[in-house]
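Asks: Quick one: this structure, given as structure tokens, is what I'll be asking you about.
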Amino acid sequence: MKNSTFKSKRFKVLAERPVNQDGFAAEWPEVGLIATNSPNDPKPSIKIENGKIIEMDGKPRKDFDMIDQFIADYAIDVDVAQEAMAKDSVEIAKMLVDINVPRSEVIRITQGLTPAKITEVINHMNIVEIMMAMQKVRARKRPRNQCHTTNLRDNPVLIAADAAEAAVRGFDEQETTVGITRYAPFNAIALLVGAQAGRGGILTQCSVEEAFELNIGMRGLTSYAETISVYGTERVFVDGDDTPWSKAFLASAYASRGIKMRFTSGTGAEVQMGFAEGKSMLYLEVRCIMLAKGAGSQGLQNGSISCIGIPGAVPSGIRIVAGENLVAMMLDLEVASGNDQTFSHSDIRRTARLLPQMLSGTDLITSGYSAMPNYDDMFAGSNVDIDDVDDYLILQRDLMVDGGLRPVSEEEVLAARNKGAKALQAVFEKLGLPAITDEEVEIATIAHGSKDMPPRQVNEDLKAATEIMEKGITSIDVIKALAESGFEDIAENILNMLKQRIAGDYLQTSAVLDKNFDIDSAVNNPNDYQGPGSGYRLSQERWNEIKDIPQALKPEDFDTEGGK
């Protein structure tokens with residue numbers, strides 16, 4: 001609050017509340033600091049001649065920038081565009097919410113909409129209506145979850161232990177990154193081994209520079225990528241030395257090598273980079289989502305992501321973050337829906353930002369729940385971290401909703417962490433990498449975070465990480481090391497991941513793997529929600545798992561002798 005002196009004691013107390021440590025801003029359309037309904041946003045329109053879009057949102061083709069051209073040529077179904085654009089935006093919004101209109105019909109219409117028209121549709125919807133639409137329009141029936149697995153020291157032993165724990169807790173995808181770039185091979189191997197120690201079928205990635213990321217993916221050390229960023233204004237795109245066509249080429253490079261890939265975008269990116277062109281955050285994000293669609297990406301990581309502080313500072317910003325997730329679903333894309341960077345000091349605001357995706361369900365409710373304490377999250381912290389996990393599990397139980405996680409016992413977690421750390425110890429020994437001591441394994445098994453871990457010889461680790469790349473080490477070498485060290489089950493899990501790459505089934509929209517390496521995707525498990533009794537419903541087995549938290553007292557916990 002602006003005034004630092006208060007007559008009212010209540011206002012003094014309020015000023016000291018965590019929420020008032022957050023940053024807030026009045027709308028400033030000229031620089032794009034406005035969630036939606038900027039006076040500079042274009043009005044919807046389309047003109048088509050001989051199957052080609054010659055005008056879009058009030059702009060003739062000769063004035064198109066490269067994003068306009070890419071969207072017009074690749075992201076709009078011209079066969080349905082005239083019909084779709086002729087519909088009133090309120091009518092389309094009602095189709096999204098109406099349980100009597102099947103998802104297939106909604107998707108058919110939304111394929112023919114322009115960026116301005118999609119923006120106008122979302123502008124007619126309040127947050128509850130956005131959530132209702134998300135429940136119906138997401139691609140895969142069952143919601144799932146993804147986590148970050150990193151640490152401040154790039155300690156591979158801790159990454160392996162944390163990855164194993166995250167796997168048994170229910171995360172289907174895990175993402176790591178680095179503090180020091182040269183550590184990437186270590187982190188990728190540690191994540192791969194640890195995750196497959198916890199449960200077979202976990203998809204993993206190491207988020208680094210795109211060429212290097214593709215390299216380690218081709219070696220089988222990772223199985224997916226999602227940090228291929230796209231932007232909503234030409235100036236920001238050019239500043240990154242990219243074009244929509246180069247991004248499309250990169251997407252095909254991943255897919256052709258059996259590596260699952262989704263783009264990344266988010267409201268506020270163009271404001272943060274200084275070139276929003278006076279347009280609203282939602283309108284620019286719709287352009288990003290349509291770029292992902294036109295490029296042939298199976299999906300999108302969106303929900304503001306690393307820019308969340310910007311929409312979080314302006315009116316209706318968090319509503320629009322949910323709106324951008326819905327837009328990706330409207331275009332039949334897989335959605336990893338954010339909730340992955342901290343943006344508020346307020347626990348109430350953090351929860352409010354999470355609930356639209358958690359309650360309505362998305363393909364991946366978070367694109368980075370921090371599987372460790374936030375001080376170790378090298379993605380700048382997460383909206384939710386390991387210290388919040390009991391709260392998260394109880395929210396699932398309170399509201400009878402599937403947030404993708406499962407209650408676990410301390411014994412189960414300790415066993416998984418120990419197995420992950422020991423397996424990595426064996427791999428390091430077989431590959432001639434700097435030794436992992438028994439003490440490191442023991443401490444990693446019980447550690448809260450990297451502050452608990454003994455230091456490693458950084459220079460030796462970095463030298464060895466470089467040699468991994470120079471020697472051409474691949475996941476086959478990791479499999480051999482595990483098999484020769486008695487970890488045949490983990491070796492088989494990694495081998496099965498390579499088999500999946502050859503099959504290519506996890507390149508399907510919204511695809512994840514279960515512990516038996518069976519695919520769960522929009523192809524074999526499509527969302528068929530049409531109101532009560534339809535769509536995803538908790539099975540009795542899953543509901544029993546969700547409600548059976550260790551904290552809950554059971555009848556046998558009470559002494560009933562003597563009427564007590």
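Residues are referred to by chain and number: the chain letter is A, B, ... according to the order shown in the structure tokens, the number counts from 1 in that chain, and ligands are numbered separately from 1 in the order shown.
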Extract, using only C-alpha atoms, all DNA, RNA and protein residues at most 7 Å from region 466-473 of chain A, discarding same-chain residues fewer than 2 positions from it, and format them as a list of chain:residue names.

Replies: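 Listed by chain and then number, they are A:Arg182, A:Pro185, A:Leu462, A:Lys463, A:Ala464, A:Asp477.
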
Asks: So that each row is one residue of region 237-256 of chain A with an atom at most 12 Å from region 504-512 of chain A, can you give its shortest atom pair and the distance in Å to one decimal, using only C-alpha atoms, rows by chain and rising number, as a Markdown table?

Replies:
| residue | atom | partner | partner_atom | distance |
| --- | --- | --- | --- | --- |
| A:Ala251 | CA | A:Leu507 | CA | 11.5 |
| A:Ser252 | CA | A:Leu507 | CA | 11.3 |
| A:Tyr254 | CA | A:Leu507 | CA | 10.0 |
| A:Ala255 | CA | A:Leu507 | CA | 7.2 |
| A:Ser256 | CA | A:Gly504 | CA | 9.2 |

Asks: Could you name the residues that touch Arg456 (chain A) at 12 Å or less, counting only C-alpha atoms, but leaving out those on the same chain fewer than 5 positions away, as a list in words?

Replies: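 Listed by chain and then number, they are Arg153, Asp154, Asn155, Pro156, Val157, Leu158, Pro434, Ala435, Ile436, Thr437, Glu439, Glu440, Ser450, Asp461 and Leu462 of chain A.
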
Asks: Residues as selected, N, CA and C atoms, written as a JSON list (two decimals), in the first residue's frame, can you do that?

Replies:
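Generated file (out30.json):
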[["chain", "number", "residue", "atom", "x", "y", "z"],
["A", 153, "ARG", "N", 22.56, -26.98, -6.73],
["A", 153, "ARG", "CA", 23.96, -27.38, -6.94],
["A", 153, "ARG", "C", 24.13, -28.28, -8.17],
["A", 154, "ASP", "N", 23.07, -28.55, -8.91],
["A", 154, "ASP", "CA", 23.13, -29.53, -10.00],
["A", 154, "ASP", "C", 23.68, -30.86, -9.49],
["A", 155, "ASN", "N", 23.25, -31.25, -8.29],
["A", 155, "ASN", "CA", 23.75, -32.48, -7.69],
["A", 155, "ASN", "C", 23.02, -33.67, -8.29],
["A", 156, "PRO", "N", 23.70, -34.53, -9.05],
["A", 156, "PRO", "CA", 23.01, -35.62, -9.75],
["A", 156, "PRO", "C", 22.42, -36.68, -8.83],
["A", 157, "VAL", "N", 23.07, -36.91, -7.69],
["A", 157, "VAL", "CA", 22.56, -37.92, -6.75],
["A", 157, "VAL", "C", 21.20, -37.49, -6.22],
["A", 158, "LEU", "N", 21.08, -36.23, -5.87],
["A", 158, "LEU", "CA", 19.82, -35.70, -5.35],
["A", 158, "LEU", "C", 18.75, -35.69, -6.43],
["A", 434, "PRO", "N", 32.96, -39.49, -12.02],
["A", 434, "PRO", "CA", 33.37, -39.25, -10.63],
["A", 434, "PRO", "C", 32.49, -40.01, -9.64],
["A", 435, "ALA", "N", 33.12, -40.65, -8.68],
["A", 435, "ALA", "CA", 32.42, -41.58, -7.80],
["A", 435, "ALA", "C", 31.31, -40.90, -7.00],
["A", 436, "ILE", "N", 30.22, -41.63, -6.80],
["A", 436, "ILE", "CA", 29.16, -41.26, -5.86],
["A", 436, "ILE", "C", 29.37, -42.11, -4.62],
["A", 437, "THR", "N", 29.59, -41.49, -3.49],
["A", 437, "THR", "CA", 29.91, -42.22, -2.27],
["A", 437, "THR", "C", 28.65, -42.78, -1.62],
["A", 439, "GLU", "N", 27.97, -42.36, 1.40],
["A", 439, "GLU", "CA", 27.44, -41.26, 2.23],
["A", 439, "GLU", "C", 26.47, -40.38, 1.42],
["A", 440, "GLU", "N", 26.83, -40.08, 0.17],
["A", 440, "GLU", "CA", 25.94, -39.27, -0.67],
["A", 440, "GLU", "C", 24.61, -39.98, -0.89],
["A", 450, "SER", "N", 19.03, -29.60, -1.42],
["A", 450, "SER", "CA", 20.47, -29.62, -1.68],
["A", 450, "SER", "C", 21.29, -29.07, -0.52],
["A", 461, "ASP", "N", 33.31, -33.06, -11.93],
["A", 461, "ASP", "CA", 32.00, -33.37, -12.50],
["A", 461, "ASP", "C", 31.81, -32.71, -13.87],
["A", 462, "LEU", "N", 32.20, -31.43, -13.96],
["A", 462, "LEU", "CA", 32.04, -30.71, -15.22],
["A", 462, "LEU", "C", 32.92, -31.32, -16.32]]

Asks: Excluding same-chain residues fewer than 2 positions from Ile76 (chain A), what lies within 10 Å of it counting only C-alpha atoms, as a compact mmCIF listing (two decimals) with N, CA, C and O atoms, in the first residue's frame?

Replies:
# COMPACT_ATOMS: atom_id res chain seq x y z
N ILE A 53 -6.63 -17.04 -47.73
CA ILE A 53 -7.07 -15.91 -46.90
C ILE A 53 -6.38 -14.65 -47.40
O ILE A 53 -5.15 -14.56 -47.41
N PHE A 70 1.77 -16.81 -41.45
CA PHE A 70 1.87 -18.21 -41.03
C PHE A 70 0.52 -18.72 -40.54
O PHE A 70 0.09 -19.83 -40.88
N ILE A 71 -0.16 -17.91 -39.72
CA ILE A 71 -1.48 -18.31 -39.21
C ILE A 71 -2.47 -18.47 -40.35
O ILE A 71 -3.21 -19.46 -40.43
N ALA A 72 -2.50 -17.50 -41.25
CA ALA A 72 -3.45 -17.54 -42.37
C ALA A 72 -3.22 -18.74 -43.27
O ALA A 72 -4.17 -19.36 -43.77
N ASP A 73 -1.96 -19.10 -43.47
CA ASP A 73 -1.64 -20.18 -44.40
C ASP A 73 -1.73 -21.58 -43.79
O ASP A 73 -1.99 -22.55 -44.50
N TYR A 74 -1.49 -21.68 -42.45
CA TYR A 74 -1.35 -23.01 -41.86
C TYR A 74 -2.25 -23.30 -40.65
O TYR A 74 -2.40 -24.47 -40.29
N VAL A 78 -9.73 -23.21 -43.89
CA VAL A 78 -10.52 -22.32 -44.77
C VAL A 78 -11.83 -22.95 -45.20
O VAL A 78 -12.77 -22.24 -45.59
N ASP A 79 -11.94 -24.29 -45.11
CA ASP A 79 -13.18 -24.94 -45.51
C ASP A 79 -14.33 -24.65 -44.55
O ASP A 79 -15.50 -24.73 -44.94
N VAL A 80 -14.01 -24.32 -43.31
CA VAL A 80 -15.05 -24.03 -42.33
C VAL A 80 -15.03 -22.57 -41.87
O VAL A 80 -15.90 -22.13 -41.13
N ALA A 81 -14.04 -21.81 -42.33
CA ALA A 81 -13.82 -20.46 -41.82
C ALA A 81 -15.02 -19.54 -42.03
O ALA A 81 -15.41 -18.79 -41.12
N THR A 110 -14.06 -24.11 -34.11
CA THR A 110 -12.93 -23.29 -33.66
C THR A 110 -11.74 -23.36 -34.60
O THR A 110 -10.90 -22.46 -34.61
N GLN A 111 -11.66 -24.42 -35.42
CA GLN A 111 -10.58 -24.51 -36.39
C GLN A 111 -10.66 -23.41 -37.45
O GLN A 111 -9.68 -23.14 -38.15
N GLY A 112 -11.83 -22.79 -37.61
CA GLY A 112 -12.00 -21.79 -38.64
C GLY A 112 -11.99 -20.36 -38.15
O GLY A 112 -12.33 -19.43 -38.90
N LEU A 113 -11.60 -20.14 -36.91
CA LEU A 113 -11.63 -18.80 -36.32
C LEU A 113 -10.28 -18.09 -36.44
O LEU A 113 -9.22 -18.72 -36.40
N THR A 114 -10.34 -16.77 -36.55
CA THR A 114 -9.13 -15.93 -36.57
C THR A 114 -8.71 -15.59 -35.15
O THR A 114 -9.49 -15.77 -34.20
N PRO A 115 -7.49 -15.08 -34.97
CA PRO A 115 -7.06 -14.70 -33.61
C PRO A 115 -8.00 -13.71 -32.92
O PRO A 115 -8.31 -13.89 -31.73
N MET A 290 -2.01 -20.28 -32.10
CA MET A 290 -2.30 -20.61 -33.50
C MET A 290 -1.01 -20.93 -34.26
O MET A 290 -1.01 -21.76 -35.18
N LYS A 293 -0.33 -24.50 -33.49
CA LYS A 293 -1.23 -25.33 -34.29
C LYS A 293 -0.74 -25.43 -35.73
O LYS A 293 -0.66 -26.53 -36.29
N GLY A 294 -0.41 -24.30 -36.32
CA GLY A 294 0.02 -24.29 -37.71
C GLY A 294 1.33 -25.02 -37.94
O GLY A 294 1.56 -25.58 -39.02
N LEU A 331 -8.21 -25.48 -29.97
CA LEU A 331 -7.51 -25.78 -31.22
C LEU A 331 -6.99 -27.23 -31.25
O LEU A 331 -6.15 -27.58 -32.08

Asks: Point out the residue among A:Ala423, A:Val271, A:Leu399, A:Ala25 with the least atom-to-atom distance to Leu538 (chain A), counting only C-alpha atoms.

Replies: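 Of A:Ala423, A:Val271, A:Leu399, A:Ala25, the one nearest Leu538 (chain A) is A:Leu399, counting only C-alpha atoms.
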
Asks: DSSP on the backbone: which residues in region 227-467 of chain A end up as strand (DSSP E)? Give the answer as a PyMOL selection string.

Replies: chain A and resi 227-229+260-264+299-301+334-336+364-370

Asks: Measuring atom to atom with only C-alpha atoms, identify which of A:Pro555, A:Gly194, A:Pro455, A:Gly232 is nearest to Gly278 (chain A).

Replies: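 That would be A:Gly232, the residue with the smallest distance to Gly278 (chain A).
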
Asks: Find the residues around region 337-353 of chain A up to 6 Å (only C-alpha atoms counted), leave out those fewer than 6 positions away in its own chain, and share them as a count of residues only.

Replies: 15

Asks: Any idea what's packed within 10 Å of Thr150 (chain A), counting only C-alpha atoms, ignoring anything in its chain fewer than 2 positions away? Could you give it as a compact mmCIF listing (two decimals) with all heavy atoms, in the first residue's frame?

Replies:
# COMPACT_ATOMS: atom_id res chain seq x y z
N CYS A 147 6.22 -32.50 -13.25
CA CYS A 147 6.98 -31.81 -12.21
C CYS A 147 8.35 -31.36 -12.70
O CYS A 147 8.87 -31.83 -13.70
CB CYS A 147 7.14 -32.69 -10.97
SG CYS A 147 8.25 -34.10 -11.20
N HIS A 148 8.92 -30.41 -11.94
CA HIS A 148 10.32 -30.03 -12.07
C HIS A 148 11.15 -30.90 -11.12
O HIS A 148 10.72 -31.17 -10.00
CB HIS A 148 10.54 -28.57 -11.66
CG HIS A 148 9.92 -27.58 -12.58
ND1 HIS A 148 9.63 -26.29 -12.19
CD2 HIS A 148 9.54 -27.67 -13.88
CE1 HIS A 148 9.10 -25.64 -13.20
NE2 HIS A 148 9.04 -26.45 -14.23
N LEU A 152 19.83 -26.61 -6.71
CA LEU A 152 20.70 -25.44 -6.76
C LEU A 152 22.13 -25.79 -7.12
O LEU A 152 22.83 -25.02 -7.76
CB LEU A 152 20.64 -24.72 -5.40
CG LEU A 152 21.23 -23.33 -5.27
CD1 LEU A 152 20.51 -22.35 -6.20
CD2 LEU A 152 21.13 -22.85 -3.83
N ARG A 153 22.56 -26.98 -6.73
CA ARG A 153 23.96 -27.38 -6.94
C ARG A 153 24.13 -28.28 -8.17
O ARG A 153 25.24 -28.77 -8.42
CB ARG A 153 24.49 -28.11 -5.70
CG ARG A 153 24.53 -27.26 -4.44
CD ARG A 153 25.09 -28.08 -3.29
NE ARG A 153 25.13 -27.34 -2.03
CZ ARG A 153 25.52 -27.86 -0.86
NH1 ARG A 153 25.91 -29.13 -0.83
NH2 ARG A 153 25.54 -27.14 0.23
N ASP A 154 23.07 -28.55 -8.91
CA ASP A 154 23.13 -29.53 -10.00
C ASP A 154 23.68 -30.86 -9.49
O ASP A 154 24.46 -31.53 -10.17
CB ASP A 154 23.99 -29.03 -11.17
CG ASP A 154 23.32 -27.89 -11.92
OD1 ASP A 154 22.09 -27.93 -12.08
OD2 ASP A 154 24.04 -26.97 -12.37
N ASN A 155 23.25 -31.25 -8.29
CA ASN A 155 23.75 -32.48 -7.69
C ASN A 155 23.02 -33.67 -8.29
O ASN A 155 21.81 -33.84 -8.09
CB ASN A 155 23.54 -32.45 -6.17
CG ASN A 155 24.16 -33.64 -5.47
OD1 ASN A 155 23.80 -34.78 -5.72
ND2 ASN A 155 25.09 -33.37 -4.56
N PRO A 156 23.70 -34.53 -9.05
CA PRO A 156 23.01 -35.62 -9.75
C PRO A 156 22.42 -36.68 -8.83
O PRO A 156 21.41 -37.29 -9.16
CB PRO A 156 24.11 -36.21 -10.65
CG PRO A 156 25.39 -35.86 -9.96
CD PRO A 156 25.15 -34.53 -9.31
N LEU A 158 21.08 -36.23 -5.87
CA LEU A 158 19.82 -35.70 -5.35
C LEU A 158 18.75 -35.69 -6.43
O LEU A 158 17.57 -35.96 -6.17
CB LEU A 158 20.03 -34.30 -4.77
CG LEU A 158 18.83 -33.68 -4.05
CD1 LEU A 158 18.37 -34.55 -2.89
CD2 LEU A 158 19.17 -32.28 -3.57
N ILE A 159 19.15 -35.36 -7.66
CA ILE A 159 18.18 -35.38 -8.77
C ILE A 159 17.62 -36.79 -8.94
O ILE A 159 16.39 -36.97 -9.10
CB ILE A 159 18.83 -34.90 -10.08
CG1 ILE A 159 19.03 -33.38 -10.03
CG2 ILE A 159 17.97 -35.28 -11.29
CD1 ILE A 159 19.76 -32.81 -11.23
N ALA A 160 18.47 -37.80 -8.89
CA ALA A 160 18.01 -39.18 -9.04
C ALA A 160 17.03 -39.56 -7.92
O ALA A 160 16.00 -40.20 -8.18
CB ALA A 160 19.20 -40.14 -9.07
N ASP A 162 15.23 -37.48 -5.99
CA ASP A 162 14.00 -36.69 -6.12
C ASP A 162 13.12 -37.21 -7.27
O ASP A 162 11.89 -37.22 -7.18
CB ASP A 162 14.33 -35.22 -6.36
CG ASP A 162 14.81 -34.50 -5.10
OD1 ASP A 162 14.58 -35.03 -4.00
OD2 ASP A 162 15.40 -33.41 -5.23
N ALA A 163 13.76 -37.62 -8.36
CA ALA A 163 13.01 -38.14 -9.51
C ALA A 163 12.29 -39.43 -9.16
O ALA A 163 11.14 -39.65 -9.57
CB ALA A 163 13.96 -38.37 -10.69
N GLN A 174 8.64 -35.54 -16.08
CA GLN A 174 9.57 -34.83 -15.21
C GLN A 174 10.53 -34.02 -16.07
O GLN A 174 11.03 -34.51 -17.08
CB GLN A 174 10.34 -35.78 -14.31
CG GLN A 174 9.46 -36.55 -13.32
CD GLN A 174 10.27 -37.25 -12.25
OE1 GLN A 174 11.28 -36.71 -11.75
NE2 GLN A 174 9.85 -38.44 -11.86
N GLU A 175 10.80 -32.81 -15.60
CA GLU A 175 11.65 -31.87 -16.34
C GLU A 175 12.76 -31.36 -15.44
O GLU A 175 12.52 -30.95 -14.31
CB GLU A 175 10.80 -30.70 -16.83
CG GLU A 175 11.59 -29.60 -17.53
CD GLU A 175 10.72 -28.40 -17.88
OE1 GLU A 175 9.62 -28.25 -17.30
OE2 GLU A 175 11.14 -27.61 -18.74
N THR A 176 13.98 -31.39 -15.95
CA THR A 176 15.09 -30.80 -15.21
C THR A 176 15.71 -29.68 -16.05
O THR A 176 15.41 -29.51 -17.23
CB THR A 176 16.15 -31.85 -14.85
OG1 THR A 176 17.06 -31.30 -13.88
CG2 THR A 176 16.94 -32.31 -16.07
N THR A 177 16.55 -28.89 -15.40
CA THR A 177 17.39 -27.92 -16.09
C THR A 177 18.66 -27.76 -15.28
O THR A 177 18.90 -28.53 -14.34
CB THR A 177 16.65 -26.57 -16.29
OG1 THR A 177 17.42 -25.74 -17.17
CG2 THR A 177 16.47 -25.83 -14.97
N VAL A 178 19.47 -26.80 -15.62
CA VAL A 178 20.80 -26.69 -15.02
C VAL A 178 21.06 -25.29 -14.50
O VAL A 178 20.50 -24.31 -14.99
CB VAL A 178 21.89 -27.05 -16.05
CG1 VAL A 178 21.81 -28.51 -16.44
CG2 VAL A 178 21.79 -26.17 -17.29
N GLY A 179 21.93 -25.21 -13.50
CA GLY A 179 22.47 -23.93 -13.09
C GLY A 179 23.68 -23.60 -13.93
O GLY A 179 23.90 -22.46 -14.33
N ASN A 187 22.65 -34.17 -15.44
CA ASN A 187 21.28 -34.01 -14.97
C ASN A 187 20.31 -34.87 -15.76
O ASN A 187 19.38 -35.45 -15.20
CB ASN A 187 20.87 -32.53 -15.04
CG ASN A 187 21.59 -31.67 -14.02
OD1 ASN A 187 22.60 -32.10 -13.45
ND2 ASN A 187 21.10 -30.47 -13.78
N LEU A 191 18.16 -37.82 -14.05
CA LEU A 191 16.69 -37.78 -14.11
C LEU A 191 16.15 -39.06 -14.74
O LEU A 191 15.16 -39.63 -14.27
CB LEU A 191 16.25 -36.56 -14.91
CG LEU A 191 14.74 -36.30 -14.94
CD1 LEU A 191 14.24 -35.90 -13.56
CD2 LEU A 191 14.40 -35.21 -15.95
N CYS A 206 15.40 -32.52 -20.34
CA CYS A 206 16.37 -31.60 -19.77
C CYS A 206 16.31 -30.30 -20.57
O CYS A 206 16.65 -30.27 -21.75
CB CYS A 206 17.78 -32.18 -19.81
SG CYS A 206 19.03 -31.11 -19.04
N SER A 370 7.05 -28.26 -8.37
CA SER A 370 8.42 -28.43 -7.88
C SER A 370 8.51 -29.65 -6.97
O SER A 370 7.96 -29.65 -5.87
CB SER A 370 8.88 -27.17 -7.12
OG SER A 370 10.22 -27.30 -6.74
N ALA A 371 9.19 -30.69 -7.45
CA ALA A 371 9.32 -31.93 -6.68
C ALA A 371 10.35 -31.82 -5.57
O ALA A 371 10.71 -32.82 -4.95
CB ALA A 371 9.68 -33.08 -7.61
N MET A 372 10.80 -30.63 -5.29
CA MET A 372 11.76 -30.36 -4.22
C MET A 372 11.39 -29.00 -3.63
O MET A 372 10.51 -28.31 -4.16
CB MET A 372 13.21 -30.37 -4.73
CG MET A 372 13.48 -29.44 -5.88
SD MET A 372 12.94 -30.12 -7.46
CE MET A 372 12.56 -28.63 -8.35
N PRO A 373 12.02 -28.57 -2.54
CA PRO A 373 11.72 -27.24 -2.01
C PRO A 373 12.04 -26.16 -3.04
O PRO A 373 12.96 -26.32 -3.85
CB PRO A 373 12.60 -27.13 -0.77
CG PRO A 373 13.67 -28.17 -0.93
CD PRO A 373 13.04 -29.27 -1.71
N ASN A 374 11.30 -25.08 -3.01
CA ASN A 374 11.42 -24.08 -4.05
C ASN A 374 12.80 -23.46 -4.16
O ASN A 374 13.19 -22.99 -5.24
CB ASN A 374 10.37 -22.97 -3.85
CG ASN A 374 9.23 -23.08 -4.85
OD1 ASN A 374 9.36 -23.70 -5.90
ND2 ASN A 374 8.09 -22.48 -4.53
N TYR A 375 13.57 -23.48 -3.08
CA TYR A 375 14.92 -22.91 -3.20
C TYR A 375 15.78 -23.71 -4.17
O TYR A 375 16.78 -23.21 -4.69
CB TYR A 375 15.59 -22.77 -1.83
CG TYR A 375 16.13 -24.04 -1.19
CD1 TYR A 375 17.32 -24.62 -1.61
CD2 TYR A 375 15.46 -24.64 -0.12
CE1 TYR A 375 17.82 -25.77 -1.01
CE2 TYR A 375 15.95 -25.78 0.49
CZ TYR A 375 17.13 -26.35 0.04
OH TYR A 375 17.62 -27.48 0.64
N ASP A 376 15.40 -24.96 -4.43
CA ASP A 376 16.14 -25.82 -5.35
C ASP A 376 15.57 -25.82 -6.76
O ASP A 376 16.10 -26.50 -7.63
CB ASP A 376 16.15 -27.26 -4.83
CG ASP A 376 17.40 -27.58 -4.01
OD1 ASP A 376 18.42 -26.93 -4.23
OD2 ASP A 376 17.33 -28.49 -3.15
N ASP A 377 14.48 -25.10 -6.99
CA ASP A 377 13.85 -25.10 -8.31
C ASP A 377 14.55 -24.10 -9.22
O ASP A 377 14.36 -22.89 -9.09
CB ASP A 377 12.36 -24.78 -8.20
CG ASP A 377 11.61 -25.10 -9.49
OD1 ASP A 377 12.20 -24.91 -10.57
OD2 ASP A 377 10.44 -25.51 -9.41
N MET A 378 15.33 -24.60 -10.15
CA MET A 378 16.12 -23.75 -11.04
C MET A 378 15.29 -23.12 -12.16
O MET A 378 15.82 -22.39 -12.98
CB MET A 378 17.30 -24.54 -11.63
CG MET A 378 18.28 -25.05 -10.57
SD MET A 378 18.87 -23.75 -9.47
CE MET A 378 19.85 -22.79 -10.63
N PHE A 379 13.99 -23.41 -12.18
CA PHE A 379 13.07 -22.71 -13.09
C PHE A 379 12.46 -21.49 -12.39
O PHE A 379 11.37 -21.07 -12.73
CB PHE A 379 11.97 -23.65 -13.55
CG PHE A 379 12.42 -24.73 -14.47
CD1 PHE A 379 12.69 -26.01 -13.99
CD2 PHE A 379 12.58 -24.50 -15.83
CE1 PHE A 379 13.10 -27.02 -14.84
CE2 PHE A 379 12.99 -25.51 -16.69
CZ PHE A 379 13.26 -26.77 -16.19
N GLY A 449 16.52 -31.15 0.73
CA GLY A 449 16.99 -30.41 -0.43
C GLY A 449 18.49 -30.39 -0.50
O GLY A 449 19.19 -31.05 0.30
N SER A 450 19.03 -29.60 -1.42
CA SER A 450 20.47 -29.62 -1.68
C SER A 450 21.29 -29.07 -0.52
O SER A 450 22.48 -29.35 -0.42
CB SER A 450 20.78 -28.83 -2.96
OG SER A 450 20.46 -27.46 -2.80

Asks: Which residue is closest to Glu412 (chain A)? Choose from A:Ala93, A:Ala164, A:Val13, A:Ala253 and count only C-alpha atoms.

Replies: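 Looking only at the distances to Glu412 (chain A), the closest residue turns out to be A:Ala164.
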
Asks: Under the rule that only C-alpha atoms are counted, which of A:Ile99, A:Leu291, A:Leu498, A:Leu393 is the nearest residue to Gly533 (chain A)?

Replies: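 Residue with the minimum atom-to-atom distance to Gly533 (chain A): A:Ile99.
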